[in-house]
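Enquirer: First the structure, which I've put down as structure tokens, then a few questions once you've had a look.
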Amino acid sequence: MTTQLASTSDEPQAPPPPQPSPLRAAWQTLVMEFRKYFSTRMWWILLLVTLAWTAMNIITMVLAVHFGGDQAADDNMVIPKGDDLARLLYSMGTTFGFVFPAIIGAMSVAGEYRHQTLTQTLLADPVRWRVLSAKFVSTVPLGALYAVAVIVGCLLFGALPLALLGDATALGSGHTWQMFARMVLAMVLWGLVGVGLGTLINNQMVAIVTLLSITMFLEPTLRSIPVLIGHDVPVLAYLPGALGDAVTGESLYSMLGEFGVSLLSLGPAVIGLLVYSVGLTVAGYFLRFRRDVH
Amino acid sequence: MLEVCGLTKRFGSLTAVDNLSFTVAPGKVTGFLGPNGAGKTTTLRMALGLTRPTRGTATFEGLAYEQLPSPMRQVGAALEASSFHPGRTATDHLAMLASGAGIDQGRCAQVLDIVGLGSVGDRRVGGFSMGMRARLGLAVALLGDPKVLLLDEPTNGLDPEGIVWMRDLMRHLAGHGKAVLVSSHLLSEVQQSVDDVVIIAHGRLVHASPLADLAREHEQNRTDVVAADPAALASLAQDKGWALADGVVVGPSAAEIGAAAFAAGVELHQLATQRGGLEAAFLALTEGHGDIR
């Protein structure tokens, strides 16, 4: 043992290590966060879940629309036809799938509290705003990765069955591929919102439950108000889910026709979700992340 | 070298660390001692920038931890043994921190060998025993080959063989010019490996000196004495100027007491030298209100 230890020896008077440049230091921390993501199983388990969840939802919708479209048309709903219908179906990939990048983003911060790994992270880089920024930035490719899973799910379990059933797939249209690109953007932004949520709510489980209850219960309830009262409520377009739909450019709510919530255009919607993600992250930084770590 | 100066931490009305000052010198192992709850871990966390002091500073060569150009390569710390993601392998854990700290990746395998985990680097930490986690924590501390090491109860979870190994390691590190601070709630656990002791109680410094000085200060004999006639023993003690309380005589050796009792005709039924003078001194220093000095 003692012979091995010789490798730890250094001269007592050895000069202190050089200060890395600010860019170098930021890069190191970013690489640390990437390694964190890819050194546990969570990233690929969630990736498979994203694919399976997308597949299940899309195939169900394809079959429902193909075989049951006529009954639904009796209601107030406006069911688009042809390419528009195919695109609407694909857009549901993010309508249902947005939650996975948000979960992985929230876990990148809240997970550090859960497993008490924040201590060692901050020993490696004690500059807390840099650590949090690295978490924010490193979540971008993760969001894109989950978007790819969603799009693969849309193609395999949406476009393929549509083609087999003889319906329009819209894959020949540039507009469809543009929408896929916007879906990537939406998923990335949701990942960042997740980072903000996990920074503000350090209990991983509570953060995820909060996300789900806001986006899957509270927001759909609020967004049904225009249908009930018979006219548009513009402020509802600023809810996170509505912004996400606006980034994707299509929405299940467009089936509600003239009663649906009007969505923002792409630019303002991207800025809107960025404001949510940065706002939550900055608030979490000041209220939580700068606190004492025990 | 670590310099702690006037360090204070209050949690609400509780003062966990109270105006604490001490230094940890290079080339030495310093024992940081005190009962559980004395403020040892809080002090270490403040030194590492994890907890913000209410007052005072802790600096390494004049710089706070977060100001160090390359903190992990200047200061290594092993805090609680449970703070690993259970699903991450030991190697990946080290590789991740090495990236963040700008340390060569080749160092990960090296430190795993040093702490005796070379063969289990590919295993997930979730399956590690307490002892293995303690060793991995130490590997993290050694990762940057730092000049200062702060080890919080590093022997927790180690088997007796591991404790001996840890002692040798600390001596070896100090022998190579490192400043090593090792905290413990038991003096006896680190007695054989420390040069200096810093003893705290209730967040306050109660003693700081080379271990040898502490031993010398408290090398007075303590002897249990039982006499057939306690009153006769008491008057003998008074004549000789011995401190006698609760059947314990402090000062003279057992031989002196025996000789004097024989000469005075006091019948003794027991005459026994108390063991562990240093441990008794440690207990005396840390019990009560921490203001024994």
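Ligands are numbered from 1 in the order shown, chains are lettered A, B, ... in the order of the structure tokens, and residues start at 1 in each chain.
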Check which residues of stretch 82-169 of chain B sit at most 8 Å from stretch 25-45 of chain A using only C-alpha atoms, and return one row each with the closest pair of atoms and their distance in Å to one decimal, ordered by chain and rising number, as a tab-separated table.
Expert:
residue	atom	partner	partner_atom	distance
B:Gly87	CA	A:Thr40	CA	5.5
B:Arg88	CA	A:Thr40	CA	5.3
B:Thr89	CA	A:Ser39	CA	7.7
B:Asp92	CA	A:Ser39	CA	6.3
B:Ala95	CA	A:Arg35	CA	7.9
B:Met96	CA	A:Met32	CA	5.0
B:Leu97	CA	A:Met32	CA	6.4
B:Ala98	CA	A:Met32	CA	7.8
B:Ser99	CA	A:Met32	CA	5.2
B:Gly100	CA	A:Thr29	CA	4.5
B:Ala101	CA	A:Gln28	CA	6.8
B:Gly102	CA	A:Gln28	CA	6.2
Enquirer: With N, CA and C atoms retained, could you export that selection as a PDB file, in the first residue's frame?
Expert:
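Final output, out16.pdb:
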ATOM      1  N   GLY B  87     -26.868   4.780  -8.144  1.00  0.00           N
ATOM      2  CA  GLY B  87     -26.832   4.161  -9.459  1.00  0.00           C
ATOM      3  C   GLY B  87     -25.585   4.461 -10.272  1.00  0.00           C
ATOM      4  N   ARG B  88     -24.650   5.206  -9.678  1.00  0.00           N
ATOM      5  CA  ARG B  88     -23.450   5.594 -10.415  1.00  0.00           C
ATOM      6  C   ARG B  88     -22.277   4.731  -9.947  1.00  0.00           C
ATOM      7  N   THR B  89     -21.417   4.331 -10.859  1.00  0.00           N
ATOM      8  CA  THR B  89     -20.265   3.527 -10.442  1.00  0.00           C
ATOM      9  C   THR B  89     -19.229   4.425  -9.767  1.00  0.00           C
ATOM     10  N   ASP B  92     -17.236   6.299 -12.347  1.00  0.00           N
ATOM     11  CA  ASP B  92     -17.984   7.400 -12.956  1.00  0.00           C
ATOM     12  C   ASP B  92     -18.135   8.569 -11.987  1.00  0.00           C
ATOM     13  N   ALA B  95     -14.864  10.290 -12.090  1.00  0.00           N
ATOM     14  CA  ALA B  95     -14.643  10.883 -13.406  1.00  0.00           C
ATOM     15  C   ALA B  95     -15.433  12.187 -13.542  1.00  0.00           C
ATOM     16  N   MET B  96     -16.671  12.147 -13.025  1.00  0.00           N
ATOM     17  CA  MET B  96     -17.535  13.325 -13.075  1.00  0.00           C
ATOM     18  C   MET B  96     -16.905  14.493 -12.297  1.00  0.00           C
ATOM     19  N   LEU B  97     -16.420  14.184 -11.076  1.00  0.00           N
ATOM     20  CA  LEU B  97     -15.820  15.251 -10.267  1.00  0.00           C
ATOM     21  C   LEU B  97     -14.493  15.715 -10.878  1.00  0.00           C
ATOM     22  N   ALA B  98     -13.737  14.776 -11.440  1.00  0.00           N
ATOM     23  CA  ALA B  98     -12.467  15.140 -12.068  1.00  0.00           C
ATOM     24  C   ALA B  98     -12.714  16.123 -13.219  1.00  0.00           C
ATOM     25  N   SER B  99     -13.771  15.877 -13.985  1.00  0.00           N
ATOM     26  CA  SER B  99     -14.117  16.811 -15.070  1.00  0.00           C
ATOM     27  C   SER B  99     -14.382  18.194 -14.511  1.00  0.00           C
ATOM     28  N   GLY B 100     -15.205  18.247 -13.489  1.00  0.00           N
ATOM     29  CA  GLY B 100     -15.593  19.533 -12.926  1.00  0.00           C
ATOM     30  C   GLY B 100     -14.420  20.276 -12.333  1.00  0.00           C
ATOM     31  N   ALA B 101     -13.447  19.529 -11.811  1.00  0.00           N
ATOM     32  CA  ALA B 101     -12.329  20.170 -11.126  1.00  0.00           C
ATOM     33  C   ALA B 101     -11.107  20.322 -12.023  1.00  0.00           C
ATOM     34  N   GLY B 102     -11.220  19.893 -13.286  1.00  0.00           N
ATOM     35  CA  GLY B 102     -10.090  20.023 -14.198  1.00  0.00           C
ATOM     36  C   GLY B 102      -8.929  19.110 -13.848  1.00  0.00           C
TER      37      GLY B 102
END
Enquirer: Just want the 9 Å neighbourhood of B:Lys28, counted on only C-alpha atoms, with same-chain residues fewer than 2 positions away dropped. Output as an mmCIF file with all heavy atoms, in the first residue's frame.
Expert:
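Below you can see out-v8.cif, which holds the result:
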data_model
loop_
_atom_site.group_PDB
_atom_site.id
_atom_site.type_symbol
_atom_site.label_atom_id
_atom_site.label_comp_id
_atom_site.auth_asym_id
_atom_site.auth_seq_id
_atom_site.Cartn_x
_atom_site.Cartn_y
_atom_site.Cartn_z
ATOM 1 N N VAL B 24 -4.177 24.762 10.952
ATOM 2 C CA VAL B 24 -3.750 23.400 10.645
ATOM 3 C C VAL B 24 -2.463 23.526 9.837
ATOM 4 O O VAL B 24 -2.462 24.080 8.742
ATOM 5 C CB VAL B 24 -4.826 22.648 9.849
ATOM 6 C CG1 VAL B 24 -4.363 21.235 9.529
ATOM 7 C CG2 VAL B 24 -6.135 22.621 10.630
ATOM 8 N N ALA B 25 -1.374 23.015 10.409
ATOM 9 C CA ALA B 25 -0.062 23.238 9.814
ATOM 10 C C ALA B 25 0.290 22.135 8.830
ATOM 11 O O ALA B 25 -0.116 20.984 8.994
ATOM 12 C CB ALA B 25 0.984 23.302 10.921
ATOM 13 N N PRO B 26 1.056 22.485 7.777
ATOM 14 C CA PRO B 26 1.498 21.454 6.831
ATOM 15 C C PRO B 26 2.447 20.468 7.500
ATOM 16 O O PRO B 26 3.122 20.805 8.466
ATOM 17 C CB PRO B 26 2.209 22.263 5.733
ATOM 18 C CG PRO B 26 2.508 23.583 6.324
ATOM 19 C CD PRO B 26 1.495 23.826 7.399
ATOM 20 N N THR B 30 -3.613 16.992 12.319
ATOM 21 C CA THR B 30 -4.250 17.686 13.432
ATOM 22 C C THR B 30 -5.576 17.009 13.739
ATOM 23 O O THR B 30 -6.411 16.856 12.850
ATOM 24 C CB THR B 30 -4.483 19.165 13.077
ATOM 25 O OG1 THR B 30 -3.231 19.771 12.765
ATOM 26 C CG2 THR B 30 -5.147 19.912 14.229
ATOM 27 N N MET B 170 -2.848 8.621 6.864
ATOM 28 C CA MET B 170 -2.761 10.012 7.340
ATOM 29 C C MET B 170 -1.322 10.365 7.699
ATOM 30 O O MET B 170 -0.842 11.456 7.369
ATOM 31 C CB MET B 170 -3.688 10.219 8.544
ATOM 32 C CG MET B 170 -5.159 10.191 8.157
ATOM 33 S SD MET B 170 -6.283 10.725 9.466
ATOM 34 C CE MET B 170 -6.014 9.486 10.711
ATOM 35 N N ARG B 171 -0.626 9.407 8.360
ATOM 36 C CA ARG B 171 0.786 9.647 8.703
ATOM 37 C C ARG B 171 1.603 9.828 7.428
ATOM 38 O O ARG B 171 2.465 10.696 7.331
ATOM 39 C CB ARG B 171 1.373 8.470 9.515
ATOM 40 C CG ARG B 171 0.831 8.239 10.882
ATOM 41 C CD ARG B 171 1.109 9.306 11.915
ATOM 42 N NE ARG B 171 2.119 10.287 11.586
ATOM 43 C CZ ARG B 171 2.105 11.524 12.056
ATOM 44 N NH1 ARG B 171 1.150 11.929 12.884
ATOM 45 N NH2 ARG B 171 3.048 12.372 11.739
ATOM 46 N N LEU B 173 0.550 10.855 4.486
ATOM 47 C CA LEU B 173 0.227 12.125 3.830
ATOM 48 C C LEU B 173 0.938 13.288 4.518
ATOM 49 O O LEU B 173 1.511 14.155 3.870
ATOM 50 C CB LEU B 173 -1.288 12.345 3.823
ATOM 51 C CG LEU B 173 -2.083 11.389 2.913
ATOM 52 C CD1 LEU B 173 -3.574 11.465 3.227
ATOM 53 C CD2 LEU B 173 -1.830 11.690 1.443
ATOM 54 N N ALA B 174 0.899 13.264 5.860
ATOM 55 C CA ALA B 174 1.585 14.320 6.604
ATOM 56 C C ALA B 174 3.088 14.257 6.333
ATOM 57 O O ALA B 174 3.755 15.287 6.200
ATOM 58 C CB ALA B 174 1.296 14.182 8.094
ATOM 59 N N GLY B 175 3.598 13.027 6.209
ATOM 60 C CA GLY B 175 5.014 12.834 5.911
ATOM 61 C C GLY B 175 5.411 13.437 4.575
ATOM 62 O O GLY B 175 6.580 13.741 4.334
ATOM 63 N N GLY B 177 4.227 16.267 3.560
ATOM 64 C CA GLY B 177 4.058 17.709 3.645
ATOM 65 C C GLY B 177 2.621 18.199 3.602
ATOM 66 O O GLY B 177 2.374 19.400 3.559
ATOM 67 N N LYS B 178 1.663 17.260 3.617
ATOM 68 C CA LYS B 178 0.262 17.693 3.573
ATOM 69 C C LYS B 178 -0.173 18.173 4.958
ATOM 70 O O LYS B 178 0.308 17.661 5.971
ATOM 71 C CB LYS B 178 -0.659 16.534 3.180
ATOM 72 C CG LYS B 178 -0.140 15.664 2.066
ATOM 73 C CD LYS B 178 -0.527 16.212 0.733
ATOM 74 C CE LYS B 178 -0.198 15.210 -0.368
ATOM 75 N NZ LYS B 178 -0.199 15.832 -1.686
ATOM 76 N N ALA B 179 -1.099 19.102 4.959
ATOM 77 C CA ALA B 179 -1.764 19.484 6.203
ATOM 78 C C ALA B 179 -3.029 18.648 6.303
ATOM 79 O O ALA B 179 -3.883 18.719 5.430
ATOM 80 C CB ALA B 179 -2.109 20.966 6.181
ATOM 81 N N VAL B 180 -3.118 17.807 7.331
ATOM 82 C CA VAL B 180 -4.250 16.897 7.454
ATOM 83 C C VAL B 180 -5.048 17.250 8.704
ATOM 84 O O VAL B 180 -4.506 17.294 9.805
ATOM 85 C CB VAL B 180 -3.785 15.419 7.537
ATOM 86 C CG1 VAL B 180 -4.986 14.488 7.613
ATOM 87 C CG2 VAL B 180 -2.895 15.062 6.360
ATOM 88 N N LEU B 181 -6.340 17.529 8.513
ATOM 89 C CA LEU B 181 -7.218 17.745 9.659
ATOM 90 C C LEU B 181 -8.183 16.567 9.705
ATOM 91 O O LEU B 181 -8.869 16.274 8.729
ATOM 92 C CB LEU B 181 -8.012 19.045 9.502
ATOM 93 C CG LEU B 181 -8.929 19.391 10.691
ATOM 94 C CD1 LEU B 181 -8.106 19.841 11.885
ATOM 95 C CD2 LEU B 181 -9.939 20.469 10.327
ATOM 96 N N VAL B 194 -2.239 11.538 15.449
ATOM 97 C CA VAL B 194 -2.221 13.000 15.366
ATOM 98 C C VAL B 194 -0.993 13.602 16.044
ATOM 99 O O VAL B 194 -0.454 13.048 16.991
ATOM 100 C CB VAL B 194 -3.502 13.645 15.977
ATOM 101 C CG1 VAL B 194 -4.732 13.139 15.265
ATOM 102 C CG2 VAL B 194 -3.582 13.420 17.469
ATOM 103 N N ASP B 195 -0.561 14.736 15.505
ATOM 104 C CA ASP B 195 0.535 15.499 16.109
ATOM 105 C C ASP B 195 -0.029 16.577 17.015
ATOM 106 O O ASP B 195 0.458 16.818 18.105
ATOM 107 C CB ASP B 195 1.365 16.178 15.017
ATOM 108 C CG ASP B 195 1.892 15.182 14.012
ATOM 109 O OD1 ASP B 195 2.750 14.382 14.392
ATOM 110 O OD2 ASP B 195 1.409 15.209 12.864
ATOM 111 N N ASP B 196 -1.069 17.270 16.469
ATOM 112 C CA ASP B 196 -1.677 18.381 17.209
ATOM 113 C C ASP B 196 -3.135 18.039 17.507
ATOM 114 O O ASP B 196 -3.744 17.246 16.789
ATOM 115 C CB ASP B 196 -1.660 19.662 16.359
ATOM 116 C CG ASP B 196 -0.236 20.181 16.152
ATOM 117 O OD1 ASP B 196 0.668 19.687 16.857
ATOM 118 O OD2 ASP B 196 -0.050 21.057 15.300
#
Enquirer: Which residues are near B:Thr42? Cut-off 10 Å, only C-alpha atoms, ignore same chain within fewer than 4 positions. Put them as a PDB file with N, CA, C and O atoms, in the first residue's frame.
Expert:
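Generated file (out_35.pdb):
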ATOM      1  N   HIS A 294     -26.361  21.281   3.809  1.00  0.00           N
ATOM      2  CA  HIS A 294     -26.051  20.493   5.016  1.00  0.00           C
ATOM      3  C   HIS A 294     -25.813  19.035   4.664  1.00  0.00           C
ATOM      4  O   HIS A 294     -26.310  18.556   3.679  1.00  0.00           O
TER       5      HIS A 294
ATOM      6  N   THR B   8     -17.829  31.832  13.324  1.00  0.00           N
ATOM      7  CA  THR B   8     -19.053  31.758  14.128  1.00  0.00           C
ATOM      8  C   THR B   8     -20.205  31.363  13.229  1.00  0.00           C
ATOM      9  O   THR B   8     -20.300  31.844  12.097  1.00  0.00           O
ATOM     10  N   LYS B   9     -21.058  30.460  13.703  1.00  0.00           N
ATOM     11  CA  LYS B   9     -22.266  30.122  12.953  1.00  0.00           C
ATOM     12  C   LYS B   9     -23.441  30.017  13.916  1.00  0.00           C
ATOM     13  O   LYS B   9     -23.393  29.272  14.889  1.00  0.00           O
ATOM     14  N   ALA B  16     -23.887  27.314  16.898  1.00  0.00           N
ATOM     15  CA  ALA B  16     -23.263  26.012  16.644  1.00  0.00           C
ATOM     16  C   ALA B  16     -21.751  26.097  16.714  1.00  0.00           C
ATOM     17  O   ALA B  16     -21.078  25.180  17.170  1.00  0.00           O
ATOM     18  N   VAL B  17     -21.210  27.221  16.227  1.00  0.00           N
ATOM     19  CA  VAL B  17     -19.771  27.456  16.275  1.00  0.00           C
ATOM     20  C   VAL B  17     -19.586  28.881  16.780  1.00  0.00           C
ATOM     21  O   VAL B  17     -20.232  29.808  16.289  1.00  0.00           O
ATOM     22  N   GLY B  37     -22.071  16.893  17.995  1.00  0.00           N
ATOM     23  CA  GLY B  37     -22.845  18.121  18.160  1.00  0.00           C
ATOM     24  C   GLY B  37     -22.018  19.298  18.633  1.00  0.00           C
ATOM     25  O   GLY B  37     -22.547  20.368  18.903  1.00  0.00           O
ATOM     26  N   ALA B  38     -20.693  19.117  18.702  1.00  0.00           N
ATOM     27  CA  ALA B  38     -19.843  20.209  19.193  1.00  0.00           C
ATOM     28  C   ALA B  38     -19.622  21.281  18.131  1.00  0.00           C
ATOM     29  O   ALA B  38     -19.161  22.374  18.435  1.00  0.00           O
ATOM     30  N   MET B  46     -18.204  25.162   6.768  1.00  0.00           N
ATOM     31  CA  MET B  46     -17.942  26.593   6.559  1.00  0.00           C
ATOM     32  C   MET B  46     -16.602  26.789   5.861  1.00  0.00           C
ATOM     33  O   MET B  46     -16.477  27.627   4.964  1.00  0.00           O
ATOM     34  N   ALA B  47     -15.603  25.978   6.262  1.00  0.00           N
ATOM     35  CA  ALA B  47     -14.282  26.099   5.637  1.00  0.00           C
ATOM     36  C   ALA B  47     -14.360  25.796   4.140  1.00  0.00           C
ATOM     37  O   ALA B  47     -13.606  26.344   3.349  1.00  0.00           O
ATOM     38  N   LEU B  48     -15.312  24.938   3.753  1.00  0.00           N
ATOM     39  CA  LEU B  48     -15.420  24.515   2.353  1.00  0.00           C
ATOM     40  C   LEU B  48     -16.438  25.330   1.567  1.00  0.00           C
ATOM     41  O   LEU B  48     -16.764  24.997   0.425  1.00  0.00           O
ATOM     42  N   LEU B  50     -19.564  25.558   1.958  1.00  0.00           N
ATOM     43  CA  LEU B  50     -20.880  24.928   1.808  1.00  0.00           C
ATOM     44  C   LEU B  50     -21.909  25.616   2.696  1.00  0.00           C
ATOM     45  O   LEU B  50     -23.090  25.666   2.381  1.00  0.00           O
ATOM     46  N   THR B  51     -21.427  26.120   3.817  1.00  0.00           N
ATOM     47  CA  THR B  51     -22.271  26.826   4.766  1.00  0.00           C
ATOM     48  C   THR B  51     -21.642  28.192   4.987  1.00  0.00           C
ATOM     49  O   THR B  51     -20.419  28.304   5.103  1.00  0.00           O
ATOM     50  N   ARG B  52     -22.469  29.212   4.993  1.00  0.00           N
ATOM     51  CA  ARG B  52     -21.942  30.574   5.116  1.00  0.00           C
ATOM     52  C   ARG B  52     -21.763  30.908   6.600  1.00  0.00           C
ATOM     53  O   ARG B  52     -22.713  30.787   7.373  1.00  0.00           O
ATOM     54  N   PRO B  53     -20.578  31.339   6.995  1.00  0.00           N
ATOM     55  CA  PRO B  53     -20.383  31.706   8.402  1.00  0.00           C
ATOM     56  C   PRO B  53     -21.211  32.939   8.759  1.00  0.00           C
ATOM     57  O   PRO B  53     -21.431  33.807   7.918  1.00  0.00           O
ATOM     58  N   GLY B 203     -19.205  24.343  20.351  1.00  0.00           N
ATOM     59  CA  GLY B 203     -18.816  25.314  19.337  1.00  0.00           C
ATOM     60  C   GLY B 203     -17.627  26.173  19.714  1.00  0.00           C
ATOM     61  O   GLY B 203     -17.189  27.002  18.930  1.00  0.00           O
TER      62      GLY B 203
END
Enquirer: For A:Leu273, which of A:Val193, A:Ile151, A:Leu211, A:Ile58 is the closest residue, counting only C-alpha atoms?
Expert: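 Closest residue, counting only C-alpha atoms: A:Val193.
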Enquirer: For stretch 168-175 of chain A, please output as number ranges by chain all residues within 10 Å (counting only C-alpha atoms; exclusion window: fewer than 6 positions along the same chain).
Expert: A: 81-87, 89-90, 155, 158-162, 181
Enquirer: Name the residues of stretch 5-218 of chain A that come out as alpha helix (DSSP H) in a backbone DSSP run; write them as a ChimeraX atom specification.
Expert: /A:5,22-38,42-72,82-97,99-114,118-124,128-154,160-164,174-200,204-213
Enquirer: Do a neighbour search on A:Val152 at 8 Å with only C-alpha atoms, toss out local chain neighbours closer than 4 positions, and write the hits as a ChimeraX atom specification.
Expert: /A:51,148,156
Enquirer: Find the residues near B:Arg222: any atom within 6 Å, counting only C-alpha atoms, skip ones fewer than 5 places away on the same chain, and give them as a compact mmCIF listing (two decimals) with C-alpha atoms, in the first residue's frame.
Expert:
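Output file around_30.txt is given in full below:
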# COMPACT_ATOMS: atom_id res chain seq x y z
CA VAL B 249 -6.33 10.73 44.89
CA VAL B 250 -4.84 13.09 42.31
CA GLN B 274 -6.52 4.81 36.77
Enquirer: Interatomic distance between atom CA of B:Gly121 and atom CA of B:Thr91?
Expert: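 Separation between atom CA of B:Gly121 and atom CA of B:Thr91: 4.9 Å.
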Enquirer: Counting only C-alpha atoms, figure out which residue out of B:Asn156, B:Gln270, B:Ser183, B:Gln110 gets nearest to chain A.
Expert: B:Gln110
Enquirer: Between B:Ala64, B:Leu14, B:Leu33, B:Leu233, which residue has the minimum interatomic distance to chain A, considering only C-alpha atoms?
Expert: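 The answer is B:Ala64, which sits nearest to chain A.
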Enquirer: For B:Gly39, which residue among B:Val125, B:Leu236, B:Leu205, B:Cys108 is the nearest when counting only C-alpha atoms?
Expert: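 Once distances to B:Gly39 are computed over only C-alpha atoms, the minimum belongs to B:Leu205.
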